[in-house]
Amino acid sequence: MALTTQQIARYRRDGVLPVGRMLSDLQVQDAREHIQAAMDRQLLDKPGTNPGKFTFRLLSASQSDPWFGQLLRSGPILDAAEAVLGPDIQYFQDNVFYKPARDGDITQWHQDNIWWKSDPPDMLTIWIALDDVTPENGAVRYVVGSHAALIEHRLPVDDPQGAKYNMIHPDDVKDRDVVTFDVPAGHGVMHHCLTIHGAPANVSERPRRGYTVHLMRAGLFPDRLAESNPVLRGRIPTACCDPSPRESSRRMSARKGATNANAARGTMGDKP
Ligand SMILES: O=C(O)CCC(=O)C(=O)O
């Protein structure tokens, strides 16, 4: 098993866990080159609300560059995920977040499951550093133990690109237990889909590139097909273990509501 019993217990208690090296130095170098190629082709978007500050994003990176589809199948990534999700693992999304030196924008506090609506919340993210990451260049910060429940996202955000959505108000986390980690390039931090997280601006002279792999227990969303959300390890559970038709339809209607609410932000489940 990739994670020890103690690590798994810590993840279940805190909702966040550094998981060590996920990518080799060579894979990190190649990933940087693929990001640069995507930037040259102007594939990265650049949402942001602070003038002069940017986070370049390549959402669903493996869909525009299949090379990332191979990368996210790296043994250590799936081994770490298997330790908490079990043997059947399905792809949800993979994204690049690139905060340039000096001008990298902040990431407001949020819980991924506000958009994903996973019930049960059997989804996780492995955030993989593609540069050495410290607080100065925008290491992600996590609220320990916040994966117990969804909280209100009451901070309205008006994106210049026209999207409107809410994030968590900083006042709602100020008295809570926040942790951050120095993450060497190639290493990862795993967080639960309900864990509150955000990141400061990059005020350093160094870039901060991160690659996020979002994974779920296979079959969690009966309407997410294996073509667009491939099974990366194991299989979709057979009929014996699927939710009942009524439960399945309840989940689909719940997510249809979410789709409408999220329409201004793009595809259902995408980060805003
Ligand atoms: O890298 C960032 O600033 C944000 C990452 C994030 O929100 C995530 O990994 O879910």
# chains A, B, ... in the order shown; residues from 1 in each chain; ligands from 1
$ residues_near_ligand --ligand "ligand 1" --cutoff "7 Å" --atoms "only C-alpha atoms and all ligand atoms" --output "number ranges by chain"
A: 97, 106-107, 112, 125, 127, 140, 197-199, 210, 212
$ write_last_selection --atoms "C-alpha atoms" --output "PDB file, in the first residue's frame"
ATOM      1  CA  PHE A  97      -2.718  26.324 -12.296  1.00  0.00           C
ATOM      2  CA  ILE A 106      -4.761  34.568  -5.039  1.00  0.00           C
ATOM      3  CA  THR A 107      -7.092  31.557  -5.033  1.00  0.00           C
ATOM      4  CA  ASP A 112     -14.452  21.655  -4.494  1.00  0.00           C
ATOM      5  CA  THR A 125      -7.465  15.935  -5.397  1.00  0.00           C
ATOM      6  CA  TRP A 127      -2.094  18.800  -6.031  1.00  0.00           C
ATOM      7  CA  VAL A 140      -2.027  26.083  -1.157  1.00  0.00           C
ATOM      8  CA  HIS A 197      -8.541  25.424   0.618  1.00  0.00           C
ATOM      9  CA  GLY A 198      -7.199  28.529  -1.070  1.00  0.00           C
ATOM     10  CA  ALA A 199      -3.839  30.023  -1.959  1.00  0.00           C
ATOM     11  CA  GLY A 210       0.757  23.180 -10.069  1.00  0.00           C
ATOM     12  CA  THR A 212      -4.113  18.959 -10.004  1.00  0.00           C
TER      13      THR A 212
END
$ select_by_dssp --residues "segment 19-61 of chain A" --states "strand (DSSP E)" --output "count of residues only"
6
$ residues_around --residues "segment 129-137 of chain A" --least-positions-apart "5" --cutoff "12 Å" --atoms "only C-alpha atoms" --output "MDAnalysis selection string"
chainID A and resid 18:35 96:106 179:190 198:213
$ residues_around --residues "Ile114 of chain A" --least-positions-apart "3" --cutoff "10 Å" --atoms "only C-alpha atoms" --output "list in words"
His110, Gln111, Lys117, Ser118, Leu150, Ile151, Glu152, His153, Asn166, Met167, Cys193, Leu194, Ala258, Gly269 and Lys271 of chain A
$ decode --residues "segment 141-173 of chain A" --atoms "N, CA and C atoms" --output "PDB file, in the first residue's frame"
ATOM      1  N   ARG A 141      -3.186  26.581   0.905  1.00  0.00           N
ATOM      2  CA  ARG A 141      -3.458  26.517   2.354  1.00  0.00           C
ATOM      3  C   ARG A 141      -4.751  25.720   2.553  1.00  0.00           C
ATOM      4  N   TYR A 142      -4.791  24.946   3.619  1.00  0.00           N
ATOM      5  CA  TYR A 142      -5.917  24.035   3.856  1.00  0.00           C
ATOM      6  C   TYR A 142      -6.459  24.243   5.266  1.00  0.00           C
ATOM      7  N   VAL A 143      -7.781  24.163   5.443  1.00  0.00           N
ATOM      8  CA  VAL A 143      -8.384  24.247   6.779  1.00  0.00           C
ATOM      9  C   VAL A 143      -8.538  22.825   7.308  1.00  0.00           C
ATOM     10  N   VAL A 144      -7.789  22.540   8.348  1.00  0.00           N
ATOM     11  CA  VAL A 144      -7.741  21.179   8.906  1.00  0.00           C
ATOM     12  C   VAL A 144      -9.127  20.767   9.424  1.00  0.00           C
ATOM     13  N   GLY A 145      -9.557  19.592   9.034  1.00  0.00           N
ATOM     14  CA  GLY A 145     -10.814  19.031   9.558  1.00  0.00           C
ATOM     15  C   GLY A 145     -12.071  19.638   8.945  1.00  0.00           C
ATOM     16  N   SER A 146     -11.900  20.464   7.896  1.00  0.00           N
ATOM     17  CA  SER A 146     -13.070  21.152   7.339  1.00  0.00           C
ATOM     18  C   SER A 146     -13.885  20.264   6.406  1.00  0.00           C
ATOM     19  N   HIS A 147     -13.427  19.020   6.197  1.00  0.00           N
ATOM     20  CA  HIS A 147     -14.136  18.133   5.264  1.00  0.00           C
ATOM     21  C   HIS A 147     -15.359  17.484   5.894  1.00  0.00           C
ATOM     22  N   ALA A 148     -15.703  17.937   7.122  1.00  0.00           N
ATOM     23  CA  ALA A 148     -16.869  17.350   7.790  1.00  0.00           C
ATOM     24  C   ALA A 148     -18.163  17.819   7.128  1.00  0.00           C
ATOM     25  N   ALA A 149     -18.179  19.029   6.584  1.00  0.00           N
ATOM     26  CA  ALA A 149     -19.433  19.561   6.027  1.00  0.00           C
ATOM     27  C   ALA A 149     -19.147  20.673   5.040  1.00  0.00           C
ATOM     28  N   LEU A 150     -20.113  20.862   4.150  1.00  0.00           N
ATOM     29  CA  LEU A 150     -20.043  21.990   3.218  1.00  0.00           C
ATOM     30  C   LEU A 150     -20.415  23.255   3.984  1.00  0.00           C
ATOM     31  N   ILE A 151     -19.715  24.363   3.753  1.00  0.00           N
ATOM     32  CA  ILE A 151     -20.128  25.610   4.393  1.00  0.00           C
ATOM     33  C   ILE A 151     -20.567  26.612   3.332  1.00  0.00           C
ATOM     34  N   GLU A 152     -21.221  27.673   3.805  1.00  0.00           N
ATOM     35  CA  GLU A 152     -21.752  28.659   2.862  1.00  0.00           C
ATOM     36  C   GLU A 152     -20.615  29.346   2.110  1.00  0.00           C
ATOM     37  N   HIS A 153     -20.802  29.497   0.817  1.00  0.00           N
ATOM     38  CA  HIS A 153     -19.870  30.279  -0.015  1.00  0.00           C
ATOM     39  C   HIS A 153     -20.574  31.613  -0.253  1.00  0.00           C
ATOM     40  N   ARG A 154     -20.226  32.636   0.545  1.00  0.00           N
ATOM     41  CA  ARG A 154     -21.011  33.874   0.529  1.00  0.00           C
ATOM     42  C   ARG A 154     -20.233  35.069  -0.011  1.00  0.00           C
ATOM     43  N   LEU A 155     -19.040  34.812  -0.551  1.00  0.00           N
ATOM     44  CA  LEU A 155     -18.242  35.911  -1.106  1.00  0.00           C
ATOM     45  C   LEU A 155     -18.501  35.990  -2.612  1.00  0.00           C
ATOM     46  N   PRO A 156     -19.257  37.000  -3.061  1.00  0.00           N
ATOM     47  CA  PRO A 156     -19.544  37.066  -4.503  1.00  0.00           C
ATOM     48  C   PRO A 156     -18.307  37.450  -5.292  1.00  0.00           C
ATOM     49  N   VAL A 157     -18.098  36.760  -6.396  1.00  0.00           N
ATOM     50  CA  VAL A 157     -16.952  37.041  -7.259  1.00  0.00           C
ATOM     51  C   VAL A 157     -17.500  37.385  -8.644  1.00  0.00           C
ATOM     52  N   ASP A 158     -17.072  38.520  -9.157  1.00  0.00           N
ATOM     53  CA  ASP A 158     -17.458  38.936 -10.517  1.00  0.00           C
ATOM     54  C   ASP A 158     -16.239  38.818 -11.388  1.00  0.00           C
ATOM     55  N   ASP A 159     -16.174  37.759 -12.134  1.00  0.00           N
ATOM     56  CA  ASP A 159     -15.013  37.562 -12.989  1.00  0.00           C
ATOM     57  C   ASP A 159     -15.110  38.487 -14.205  1.00  0.00           C
ATOM     58  N   PRO A 160     -14.005  39.139 -14.603  1.00  0.00           N
ATOM     59  CA  PRO A 160     -14.071  40.017 -15.774  1.00  0.00           C
ATOM     60  C   PRO A 160     -14.532  39.286 -17.037  1.00  0.00           C
ATOM     61  N   GLN A 161     -14.357  37.946 -17.061  1.00  0.00           N
ATOM     62  CA  GLN A 161     -14.808  37.194 -18.238  1.00  0.00           C
ATOM     63  C   GLN A 161     -16.319  36.951 -18.223  1.00  0.00           C
ATOM     64  N   GLY A 162     -17.002  37.484 -17.189  1.00  0.00           N
ATOM     65  CA  GLY A 162     -18.463  37.410 -17.183  1.00  0.00           C
ATOM     66  C   GLY A 162     -19.035  36.392 -16.210  1.00  0.00           C
ATOM     67  N   ALA A 163     -18.203  35.538 -15.637  1.00  0.00           N
ATOM     68  CA  ALA A 163     -18.732  34.528 -14.717  1.00  0.00           C
ATOM     69  C   ALA A 163     -19.023  35.166 -13.360  1.00  0.00           C
ATOM     70  N   LYS A 164     -20.095  34.717 -12.734  1.00  0.00           N
ATOM     71  CA  LYS A 164     -20.415  35.165 -11.382  1.00  0.00           C
ATOM     72  C   LYS A 164     -20.555  33.924 -10.520  1.00  0.00           C
ATOM     73  N   TYR A 165     -19.899  33.905  -9.398  1.00  0.00           N
ATOM     74  CA  TYR A 165     -20.000  32.754  -8.507  1.00  0.00           C
ATOM     75  C   TYR A 165     -19.595  33.202  -7.110  1.00  0.00           C
ATOM     76  N   ASN A 166     -19.751  32.322  -6.153  1.00  0.00           N
ATOM     77  CA  ASN A 166     -19.414  32.649  -4.764  1.00  0.00           C
ATOM     78  C   ASN A 166     -18.276  31.782  -4.264  1.00  0.00           C
ATOM     79  N   MET A 167     -17.430  32.384  -3.456  1.00  0.00           N
ATOM     80  CA  MET A 167     -16.382  31.638  -2.768  1.00  0.00           C
ATOM     81  C   MET A 167     -16.598  31.833  -1.260  1.00  0.00           C
ATOM     82  N   ILE A 168     -15.725  31.233  -0.442  1.00  0.00           N
ATOM     83  CA  ILE A 168     -15.892  31.347   1.020  1.00  0.00           C
ATOM     84  C   ILE A 168     -15.311  32.683   1.480  1.00  0.00           C
ATOM     85  N   HIS A 169     -16.038  33.369   2.351  1.00  0.00           N
ATOM     86  CA  HIS A 169     -15.561  34.650   2.875  1.00  0.00           C
ATOM     87  C   HIS A 169     -14.371  34.404   3.810  1.00  0.00           C
ATOM     88  N   PRO A 170     -13.285  35.185   3.670  1.00  0.00           N
ATOM     89  CA  PRO A 170     -12.111  34.961   4.545  1.00  0.00           C
ATOM     90  C   PRO A 170     -12.464  35.016   6.031  1.00  0.00           C
ATOM     91  N   ASP A 171     -13.469  35.815   6.406  1.00  0.00           N
ATOM     92  CA  ASP A 171     -13.860  35.879   7.829  1.00  0.00           C
ATOM     93  C   ASP A 171     -14.312  34.518   8.346  1.00  0.00           C
ATOM     94  N   ASP A 172     -14.816  33.678   7.442  1.00  0.00           N
ATOM     95  CA  ASP A 172     -15.366  32.390   7.876  1.00  0.00           C
ATOM     96  C   ASP A 172     -14.278  31.336   8.117  1.00  0.00           C
ATOM     97  N   VAL A 173     -13.028  31.684   7.812  1.00  0.00           N
ATOM     98  CA  VAL A 173     -11.951  30.724   8.103  1.00  0.00           C
ATOM     99  C   VAL A 173     -10.911  31.309   9.071  1.00  0.00           C
TER     100      VAL A 173
END
